[in-house]
Amino acid sequence: MGNAESTPVPAPSAARRRQSPIQSLDEKFDAVRIDHYQPSNTTHGILSSGGPEHVSGSSTTQYTRELLKDSKNRLGLSALSTANPSTVLEVPSAILKDTQTFNLTIPHEGSPVTNQRSSGRCWIFAATNVFRIAIQQKYDIKGFELSQSYLFFWDKVEKANYFLESILDTAEDYDVDSRLVSALMASPVGDGGQWDMIVNLVAKYGIVPQTLYPDSWNAQNSSTMDRLLTTKLREDGLKLRAMLKDGAGEGDIAGAKETMMQDVVRVLTLCLGPPPAADEKFTWEYTTTKHAVKTASLTPLEFAESTNVKKFISLVNDPRNPYNRLLTVQNLGNVWDGRPVTYVNVDKDVLKSACIAMIKKGLPIFFGSDVGKMSDSQKGIMDTDLVDYELGFNVKLGMSKAQRLLTGESQMTHAMVLTAVHLDEQGKAVRWRVENSWSETAGTKGYFVMSDGWMDEFCYQAVVDPAVVGKQVRDVLGQEAKKLPLWDPMGALA
């Protein structure tokens, strides 16, 4: 998403000679901006003269020939057809202003930078990167990671059970090709998740150091394991529906489901390894910052007590729905009868103010966004001004945030952590520091810069302490939630 491997093709020397030496880089870009070229023969359109419902192949061919009579379009063809257009059209001033300089930071950032590799576990990495800061301070350790695989294992088990229960729950009222059952079947045990799913897992199973349950190959490369589990669970879902249709008793259905769950756990155990038991003590040896070697003996649930995971709430900015409104997504979760996925929908300024207040308290922020939009993962920049598509293609992109959600153009795709913000003289955010989970090779040693404008447009969620929002926002938690369908963009799993 936004990888930059190629360099822009330089403009011809004649074009360079026409440019003033005192022009900025952006002004130089504007000098070769591709204007909308109207071919001299306006009869050559795209649509058929016999009716606008059809495309005319011959007219389209003539249009392209006329289009390329313009030298700027030929320049565009040379540059944009031989490299990634989003790289060619990056705006220099946006890159220069998005620096890793911040005047408000949390006192302790977690280390080392983590790497989710070829898996969709970003939400688990973001959550554990938040949790580990308190643990690093408590035990006086420097480099430390929690086991992402531990939560990954139990999430897969719980999602499989949640899927099978959902299949049973919908079998009587919904056909197998209904939109709801189709949505359930689409991704029974996907890698993604949401904050409330993390709360469920940590509350039930706790957490462990990564040294006690490290990543297996399948944790780092989850697609094969996921495909196997998905295929098996879809088959099992059809079997359960058939059993209900044939009038099978509760005992027979429970027995069949038990066998299905054993299959799932067997696959996970052989792919990821057997995890530590949640209620059995583990022994963990660690080295403090003063080079003292110490030992701790406690259960995963005891180890999780410092996270205060149940305390935090999830704010979202969804302009399609009323603000100060509680939202939930039906049929979305991992632990059956666990904490539902809920959001407090607020204005973007309320969400940002809460994030600033969290950083002032020294607390990192789990947040969800559409990371692939207007971003460069190599440079580690997320900025709405980063790529000028109008410059190269003369197309205007003007959808609002609500329109992007309505049309499926945007949704939450990735979870990361906020650790700092740069404020102007009026206390308004200018840019944010983002801890990612794509290794130190992405961005600036693993950290990204997010412009405040990008946060407005493509950040959807921030998990905060209720103490940093006003009473009006906290009171929203007491509302009966508006129920969104499973396929709603707010049901997207980071």
# chains A, B, ... in the order shown; residues from 1 in each chain; ligands from 1
call {"tool": "residues_around", "arguments": {"residues": "range 156-170 of chain A", "least_positions_apart": "2", "cutoff": "8 Å", "atoms": "only C-alpha atoms", "output": "PyMOL selection string"}}
result
chain A and resi 152-154+172-174+181+184+188-189+191+233+236-237+240-241+244+257+261+264-265+268+331+333-336
call {"tool": "write_last_selection", "arguments": {"atoms": "C-alpha atoms", "output": "mmCIF file, in the first residue's frame"}}
result
data_model
loop_
_atom_site.group_PDB
_atom_site.id
_atom_site.type_symbol
_atom_site.label_atom_id
_atom_site.label_comp_id
_atom_site.auth_asym_id
_atom_site.auth_seq_id
_atom_site.Cartn_x
_atom_site.Cartn_y
_atom_site.Cartn_z
ATOM 1 C CA PHE A 152 -4.140 -15.225 17.848
ATOM 2 C CA PHE A 153 -4.606 -18.889 18.819
ATOM 3 C CA TRP A 154 -7.484 -18.217 21.192
ATOM 4 C CA GLU A 172 -34.293 -21.272 10.773
ATOM 5 C CA ASP A 173 -34.907 -17.731 9.552
ATOM 6 C CA TYR A 174 -32.300 -17.201 6.836
ATOM 7 C CA VAL A 181 -25.445 -16.039 6.010
ATOM 8 C CA LEU A 184 -20.978 -15.071 7.890
ATOM 9 C CA PRO A 188 -15.480 -17.390 9.485
ATOM 10 C CA VAL A 189 -12.033 -17.034 11.089
ATOM 11 C CA ASP A 191 -7.181 -12.648 10.999
ATOM 12 C CA LEU A 233 -15.926 -24.352 8.744
ATOM 13 C CA ASP A 236 -19.373 -27.700 8.870
ATOM 14 C CA GLY A 237 -21.827 -24.804 8.660
ATOM 15 C CA LEU A 240 -25.228 -28.046 10.938
ATOM 16 C CA ARG A 241 -27.918 -26.382 8.846
ATOM 17 C CA LEU A 244 -31.422 -28.748 11.947
ATOM 18 C CA LYS A 257 -20.268 -29.267 16.937
ATOM 19 C CA MET A 261 -14.325 -27.689 17.229
ATOM 20 C CA VAL A 264 -10.287 -26.597 14.502
ATOM 21 C CA VAL A 265 -8.172 -26.873 17.651
ATOM 22 C CA LEU A 268 -4.393 -24.596 15.237
ATOM 23 C CA ASN A 331 -23.394 -10.840 14.378
ATOM 24 C CA GLY A 333 -17.617 -10.882 17.593
ATOM 25 C CA ASN A 334 -15.343 -13.677 18.752
ATOM 26 C CA VAL A 335 -16.399 -14.849 22.222
ATOM 27 C CA TRP A 336 -20.046 -15.963 22.170
#
call {"tool": "residues_around", "arguments": {"residues": "Ile381 in chain A", "least_positions_apart": "3", "cutoff": "7 Å", "atoms": "only C-alpha atoms", "output": "number ranges by chain"}}
result
A: 98, 375-377, 448-450
call {"tool": "write_last_selection", "arguments": {"atoms": "all heavy atoms", "output": "mmCIF file, in the first residue's frame"}}
result
data_model
loop_
_atom_site.group_PDB
_atom_site.id
_atom_site.type_symbol
_atom_site.label_atom_id
_atom_site.label_comp_id
_atom_site.auth_asym_id
_atom_site.auth_seq_id
_atom_site.Cartn_x
_atom_site.Cartn_y
_atom_site.Cartn_z
ATOM 1 N N ASP A 98 6.130 16.632 6.578
ATOM 2 C CA ASP A 98 5.725 15.537 7.466
ATOM 3 C C ASP A 98 6.954 14.940 8.146
ATOM 4 O O ASP A 98 7.433 13.847 7.826
ATOM 5 C CB ASP A 98 4.963 14.470 6.673
ATOM 6 C CG ASP A 98 3.586 14.945 6.245
ATOM 7 O OD1 ASP A 98 2.982 15.731 6.996
ATOM 8 O OD2 ASP A 98 3.120 14.542 5.162
ATOM 9 N N SER A 375 -1.027 7.282 1.165
ATOM 10 C CA SER A 375 0.069 6.955 2.070
ATOM 11 C C SER A 375 1.222 6.337 1.305
ATOM 12 O O SER A 375 1.052 5.802 0.208
ATOM 13 C CB SER A 375 -0.418 5.999 3.164
ATOM 14 O OG SER A 375 -0.766 4.743 2.606
ATOM 15 N N ASP A 376 2.401 6.423 1.900
ATOM 16 C CA ASP A 376 3.610 5.821 1.356
ATOM 17 C C ASP A 376 4.257 5.033 2.486
ATOM 18 O O ASP A 376 4.805 5.611 3.430
ATOM 19 C CB ASP A 376 4.552 6.910 0.839
ATOM 20 C CG ASP A 376 5.779 6.353 0.136
ATOM 21 O OD1 ASP A 376 6.270 5.284 0.545
ATOM 22 O OD2 ASP A 376 6.259 6.988 -0.828
ATOM 23 N N SER A 377 4.181 3.709 2.399
ATOM 24 C CA SER A 377 4.669 2.887 3.508
ATOM 25 C C SER A 377 6.189 2.886 3.601
ATOM 26 O O SER A 377 6.739 2.642 4.668
ATOM 27 C CB SER A 377 4.154 1.443 3.356
ATOM 28 O OG SER A 377 4.616 0.864 2.157
ATOM 29 N N PHE A 448 5.520 6.069 11.607
ATOM 30 C CA PHE A 448 4.948 6.849 10.520
ATOM 31 C C PHE A 448 4.579 8.241 11.024
ATOM 32 O O PHE A 448 4.448 8.468 12.232
ATOM 33 C CB PHE A 448 3.691 6.166 9.964
ATOM 34 C CG PHE A 448 3.951 4.994 9.063
ATOM 35 C CD1 PHE A 448 4.996 4.110 9.298
ATOM 36 C CD2 PHE A 448 3.140 4.761 7.973
ATOM 37 C CE1 PHE A 448 5.231 3.030 8.463
ATOM 38 C CE2 PHE A 448 3.353 3.679 7.130
ATOM 39 C CZ PHE A 448 4.401 2.812 7.368
ATOM 40 N N VAL A 449 4.380 9.153 10.075
ATOM 41 C CA VAL A 449 3.825 10.471 10.361
ATOM 42 C C VAL A 449 2.457 10.558 9.692
ATOM 43 O O VAL A 449 2.317 10.237 8.512
ATOM 44 C CB VAL A 449 4.728 11.599 9.834
ATOM 45 C CG1 VAL A 449 4.071 12.960 10.075
ATOM 46 C CG2 VAL A 449 6.086 11.558 10.506
ATOM 47 N N MET A 450 1.473 10.979 10.440
ATOM 48 C CA MET A 450 0.111 11.139 9.933
ATOM 49 C C MET A 450 -0.271 12.612 10.028
ATOM 50 O O MET A 450 -0.237 13.190 11.126
ATOM 51 C CB MET A 450 -0.862 10.281 10.750
ATOM 52 C CG MET A 450 -2.321 10.466 10.409
ATOM 53 S SD MET A 450 -3.394 9.316 11.325
ATOM 54 C CE MET A 450 -3.184 9.906 13.021
#
call {"tool": "residues_around", "arguments": {"residues": "range 279-290 of chain A", "least_positions_apart": "3", "cutoff": "8 Å", "atoms": "only C-alpha atoms", "output": "PyMOL selection string"}}
result
chain A and resi 139-142+205+209+212+276+293-301
call {"tool": "atom_distance", "arguments": {"atom1": "CA of Leu363 in chain A", "atom2": "CA of Lys138 in chain A"}}
result
14.5 Å
call {"tool": "select_by_dssp", "arguments": {"residues": "range 320-483 of chain A", "states": "alpha helix (DSSP H)", "output": "PyMOL selection string"}}
result
chain A and resi 348-360+389-393+401-407+452-458+471-474
call {"tool": "select_by_dssp", "arguments": {"residues": "range 246-387 of chain A", "states": "strand (DSSP E or B)", "output": "count of residues only"}}
result
35
call {"tool": "closest_residue", "arguments": {"among": "A:Phe144, A:Tyr343, A:Tyr389, A:Phe312", "to": "Leu327 in chain A", "atoms": "only C-alpha atoms"}}
result
A:Tyr343
call {"tool": "atom_distance", "arguments": {"atom1": "CA of Lys311 in chain A", "atom2": "CA of Asp337 in chain A"}}
result
18.9 Å
call {"tool": "closest_residue", "arguments": {"among": "A:Ala481, A:Val202, A:Leu47, A:Val371", "to": "Pro322 in chain A", "atoms": "only C-alpha atoms"}}
result
A:Ala481
call {"tool": "closest_residue", "arguments": {"among": "A:Thr441, A:Leu477, A:Asp318, A:Leu351", "to": "Lys401 in chain A", "atoms": "only C-alpha atoms"}}
result
A:Asp318
call {"tool": "residues_around", "arguments": {"residues": "range 417-420 of chain A", "least_positions_apart": "4", "cutoff": "8 Å", "atoms": "only C-alpha atoms", "output": "number ranges by chain"}}
result
A: 102-106, 109, 126, 129-130, 359, 363-367, 432-436
call {"tool": "residues_around", "arguments": {"residues": "Cys271 in chain A", "least_positions_apart": "5", "cutoff": "8 Å", "atoms": "only C-alpha atoms", "output": "PyMOL selection string"}}
result
chain A and resi 216-219+225
call {"tool": "residues_around", "arguments": {"residues": "range 313-315 of chain A", "least_positions_apart": "3", "cutoff": "6 Å", "atoms": "only C-alpha atoms", "output": "PyMOL selection string"}}
result
chain A and resi 343-345+461-464
call {"tool": "write_last_selection", "arguments": {"atoms": "C-alpha atoms", "output": "PDB file, in the first residue's frame"}}
result
ATOM      1  CA  TYR A 343     -18.651   2.339  19.357  1.00  0.00           C
ATOM      2  CA  VAL A 344     -19.414   5.817  20.647  1.00  0.00           C
ATOM      3  CA  ASN A 345     -19.867   7.887  17.499  1.00  0.00           C
ATOM      4  CA  GLN A 461     -11.526   4.818  15.570  1.00  0.00           C
ATOM      5  CA  ALA A 462      -9.578   5.675  18.718  1.00  0.00           C
ATOM      6  CA  VAL A 463      -9.637   3.725  21.989  1.00  0.00           C
ATOM      7  CA  VAL A 464      -9.445   6.032  24.998  1.00  0.00           C
TER       8      VAL A 464
END
call {"tool": "closest_residue", "arguments": {"among": "A:Asp388, A:Lys361, A:Arg234, A:Asp215", "to": "Ala186 in chain A", "atoms": "only C-alpha atoms"}}
result
A:Arg234
call {"tool": "residues_around", "arguments": {"residues": "Gln116 in chain A", "least_positions_apart": "5", "cutoff": "8 Å", "atoms": "only C-alpha atoms", "output": "PyMOL selection string"}}
result
chain A and resi 121-122+125+220+437-439
call {"tool": "write_last_selection", "arguments": {"atoms": "all heavy atoms", "output": "PDB file, in the first residue's frame"}}
result
ATOM      1  N   ARG A 121      -2.819  -9.644  11.586  1.00  0.00           N
ATOM      2  CA  ARG A 121      -2.931  -9.525  13.046  1.00  0.00           C
ATOM      3  C   ARG A 121      -2.684  -8.118  13.574  1.00  0.00           C
ATOM      4  O   ARG A 121      -2.364  -7.948  14.762  1.00  0.00           O
ATOM      5  CB  ARG A 121      -1.944 -10.480  13.713  1.00  0.00           C
ATOM      6  CG  ARG A 121      -2.136 -11.949  13.395  1.00  0.00           C
ATOM      7  CD  ARG A 121      -1.033 -12.810  14.021  1.00  0.00           C
ATOM      8  NE  ARG A 121       0.260 -12.578  13.386  1.00  0.00           N
ATOM      9  CZ  ARG A 121       1.425 -12.948  13.914  1.00  0.00           C
ATOM     10  NH1 ARG A 121       1.463 -13.535  15.093  1.00  0.00           N
ATOM     11  NH2 ARG A 121       2.561 -12.711  13.274  1.00  0.00           N
ATOM     12  N   CYS A 122      -2.825  -7.105  12.742  1.00  0.00           N
ATOM     13  CA  CYS A 122      -2.454  -5.750  13.170  1.00  0.00           C
ATOM     14  C   CYS A 122      -3.148  -5.331  14.454  1.00  0.00           C
ATOM     15  O   CYS A 122      -2.564  -4.658  15.303  1.00  0.00           O
ATOM     16  CB  CYS A 122      -2.736  -4.753  12.060  1.00  0.00           C
ATOM     17  SG  CYS A 122      -4.479  -4.643  11.570  1.00  0.00           S
ATOM     18  N   PHE A 125      -1.366  -6.815  17.337  1.00  0.00           N
ATOM     19  CA  PHE A 125      -0.091  -6.126  17.530  1.00  0.00           C
ATOM     20  C   PHE A 125      -0.307  -4.742  18.123  1.00  0.00           C
ATOM     21  O   PHE A 125       0.424  -4.328  19.033  1.00  0.00           O
ATOM     22  CB  PHE A 125       0.649  -6.034  16.191  1.00  0.00           C
ATOM     23  CG  PHE A 125       1.463  -7.246  15.864  1.00  0.00           C
ATOM     24  CD1 PHE A 125       0.862  -8.421  15.446  1.00  0.00           C
ATOM     25  CD2 PHE A 125       2.848  -7.228  15.988  1.00  0.00           C
ATOM     26  CE1 PHE A 125       1.602  -9.547  15.145  1.00  0.00           C
ATOM     27  CE2 PHE A 125       3.608  -8.350  15.696  1.00  0.00           C
ATOM     28  CZ  PHE A 125       2.992  -9.521  15.269  1.00  0.00           C
ATOM     29  N   GLN A 220       3.194 -16.192  11.259  1.00  0.00           N
ATOM     30  CA  GLN A 220       3.756 -15.137  10.432  1.00  0.00           C
ATOM     31  C   GLN A 220       3.274 -15.204   8.986  1.00  0.00           C
ATOM     32  O   GLN A 220       3.363 -14.212   8.257  1.00  0.00           O
ATOM     33  CB  GLN A 220       5.291 -15.217  10.456  1.00  0.00           C
ATOM     34  CG  GLN A 220       5.879 -14.999  11.828  1.00  0.00           C
ATOM     35  CD  GLN A 220       7.389 -15.161  11.852  1.00  0.00           C
ATOM     36  OE1 GLN A 220       8.004 -15.532  10.843  1.00  0.00           O
ATOM     37  NE2 GLN A 220       8.002 -14.881  12.988  1.00  0.00           N
ATOM     38  N   SER A 437       3.291  -1.804  12.820  1.00  0.00           N
ATOM     39  CA  SER A 437       3.760  -3.165  13.098  1.00  0.00           C
ATOM     40  C   SER A 437       4.235  -3.828  11.807  1.00  0.00           C
ATOM     41  O   SER A 437       3.965  -4.985  11.544  1.00  0.00           O
ATOM     42  CB  SER A 437       2.636  -4.001  13.728  1.00  0.00           C
ATOM     43  OG  SER A 437       1.469  -3.980  12.928  1.00  0.00           O
ATOM     44  N   TRP A 438       4.972  -3.031  11.005  1.00  0.00           N
ATOM     45  CA  TRP A 438       5.492  -3.509   9.728  1.00  0.00           C
ATOM     46  C   TRP A 438       7.012  -3.579   9.715  1.00  0.00           C
ATOM     47  O   TRP A 438       7.634  -3.484   8.674  1.00  0.00           O
ATOM     48  CB  TRP A 438       5.001  -2.619   8.583  1.00  0.00           C
ATOM     49  CG  TRP A 438       3.540  -2.742   8.288  1.00  0.00           C
ATOM     50  CD1 TRP A 438       2.678  -3.692   8.739  1.00  0.00           C
ATOM     51  CD2 TRP A 438       2.760  -1.867   7.459  1.00  0.00           C
ATOM     52  NE1 TRP A 438       1.419  -3.484   8.258  1.00  0.00           N
ATOM     53  CE2 TRP A 438       1.426  -2.369   7.456  1.00  0.00           C
ATOM     54  CE3 TRP A 438       3.039  -0.731   6.709  1.00  0.00           C
ATOM     55  CZ2 TRP A 438       0.396  -1.759   6.765  1.00  0.00           C
ATOM     56  CZ3 TRP A 438       2.015  -0.125   6.010  1.00  0.00           C
ATOM     57  CH2 TRP A 438       0.710  -0.643   6.030  1.00  0.00           C
ATOM     58  N   SER A 439       7.628  -3.676  10.878  1.00  0.00           N
ATOM     59  CA  SER A 439       9.077  -3.786  11.070  1.00  0.00           C
ATOM     60  C   SER A 439       9.757  -2.419  10.959  1.00  0.00           C
ATOM     61  O   SER A 439       9.143  -1.427  10.531  1.00  0.00           O
ATOM     62  CB  SER A 439       9.723  -4.772  10.087  1.00  0.00           C
ATOM     63  OG  SER A 439      10.016  -4.164   8.847  1.00  0.00           O
TER      64      SER A 439
END
call {"tool": "closest_residue", "arguments": {"among": "A:Leu326, A:Met374, A:Lys245, A:Ser306", "to": "Phe458 in chain A", "atoms": "only C-alpha atoms"}}
result
A:Met374
call {"tool": "closest_residue", "arguments": {"among": "A:Gly362, A:Pro92, A:Pro274, A:Gly249", "to": "Pro107 in chain A", "atoms": "only C-alpha atoms"}}
result
A:Gly362
call {"tool": "decode", "arguments": {"residues": "range 454-474 of chain A", "atoms": "N, CA, C and O atoms", "output": "CSV table (one decimal), in the first residue's frame"}}
result
chain,number,residue,atom,x,y,z
A,454,TRP,N,-5.2,14.0,7.2
A,454,TRP,CA,-5.4,12.6,6.9
A,454,TRP,C,-6.2,12.0,8.1
A,454,TRP,O,-7.0,11.1,7.8
A,455,MET,N,-5.9,12.4,9.3
A,455,MET,CA,-6.6,11.8,10.4
A,455,MET,C,-8.1,12.1,10.3
A,455,MET,O,-9.0,11.3,10.6
A,456,ASP,N,-8.4,13.4,9.9
A,456,ASP,CA,-9.8,13.7,9.7
A,456,ASP,C,-10.5,12.8,8.7
A,456,ASP,O,-11.7,12.4,8.9
A,457,GLU,N,-9.8,12.5,7.6
A,457,GLU,CA,-10.5,11.8,6.5
A,457,GLU,C,-10.4,10.3,6.6
A,457,GLU,O,-11.4,9.6,6.2
A,458,PHE,N,-9.4,9.7,7.1
A,458,PHE,CA,-9.2,8.3,7.0
A,458,PHE,C,-9.0,7.6,8.4
A,458,PHE,O,-8.8,6.4,8.4
A,459,CYS,N,-9.0,8.3,9.5
A,459,CYS,CA,-9.0,7.7,10.8
A,459,CYS,C,-10.5,7.5,11.2
A,459,CYS,O,-11.3,8.5,11.2
A,460,TYR,N,-10.8,6.3,11.7
A,460,TYR,CA,-12.2,6.0,12.0
A,460,TYR,C,-12.4,5.7,13.5
A,460,TYR,O,-13.5,5.9,14.0
A,461,GLN,N,-11.3,5.3,14.2
A,461,GLN,CA,-11.5,4.8,15.6
A,461,GLN,C,-10.3,5.2,16.4
A,461,GLN,O,-9.2,5.2,16.0
A,462,ALA,N,-10.6,5.5,17.7
A,462,ALA,CA,-9.6,5.7,18.7
A,462,ALA,C,-10.1,5.1,20.0
A,462,ALA,O,-11.2,5.4,20.4
A,463,VAL,N,-9.3,4.3,20.7
A,463,VAL,CA,-9.6,3.7,22.0
A,463,VAL,C,-9.0,4.6,23.1
A,463,VAL,O,-7.8,4.7,23.2
A,464,VAL,N,-9.9,5.1,24.0
A,464,VAL,CA,-9.4,6.0,25.0
A,464,VAL,C,-10.0,5.7,26.4
A,464,VAL,O,-11.0,4.9,26.5
A,465,ASP,N,-9.4,6.3,27.4
A,465,ASP,CA,-9.9,6.3,28.7
A,465,ASP,C,-11.1,7.2,28.8
A,465,ASP,O,-11.1,8.3,28.3
A,466,PRO,N,-12.2,6.7,29.4
A,466,PRO,CA,-13.4,7.5,29.5
A,466,PRO,C,-13.2,8.9,30.2
A,466,PRO,O,-13.9,9.8,30.0
A,467,ALA,N,-12.1,8.9,31.0
A,467,ALA,CA,-11.9,10.2,31.7
A,467,ALA,C,-11.5,11.3,30.8
A,467,ALA,O,-11.5,12.5,31.3
A,468,VAL,N,-11.0,11.0,29.6
A,468,VAL,CA,-10.6,12.1,28.7
A,468,VAL,C,-11.7,12.7,27.9
A,468,VAL,O,-11.4,13.6,27.0
A,469,VAL,N,-12.9,12.2,28.0
A,469,VAL,CA,-14.1,12.8,27.3
A,469,VAL,C,-15.1,13.3,28.3
A,469,VAL,O,-15.0,13.0,29.5
A,470,GLY,N,-15.9,14.2,27.8
A,470,GLY,CA,-16.9,14.8,28.6
A,470,GLY,C,-18.0,13.9,29.0
A,470,GLY,O,-18.2,12.8,28.5
A,471,LYS,N,-18.8,14.4,30.0
A,471,LYS,CA,-19.9,13.6,30.5
A,471,LYS,C,-20.9,13.3,29.4
A,471,LYS,O,-21.5,12.2,29.4
A,472,GLN,N,-21.1,14.2,28.5
A,472,GLN,CA,-22.1,14.0,27.4
A,472,GLN,C,-21.7,12.8,26.6
A,472,GLN,O,-22.5,12.0,26.2
A,473,VAL,N,-20.4,12.6,26.3
A,473,VAL,CA,-19.9,11.4,25.6
A,473,VAL,C,-20.0,10.2,26.4
A,473,VAL,O,-20.4,9.1,25.9
A,474,ARG,N,-19.6,10.3,27.7
A,474,ARG,CA,-19.7,9.1,28.6
A,474,ARG,C,-21.1,8.6,28.7
A,474,ARG,O,-21.4,7.4,28.8
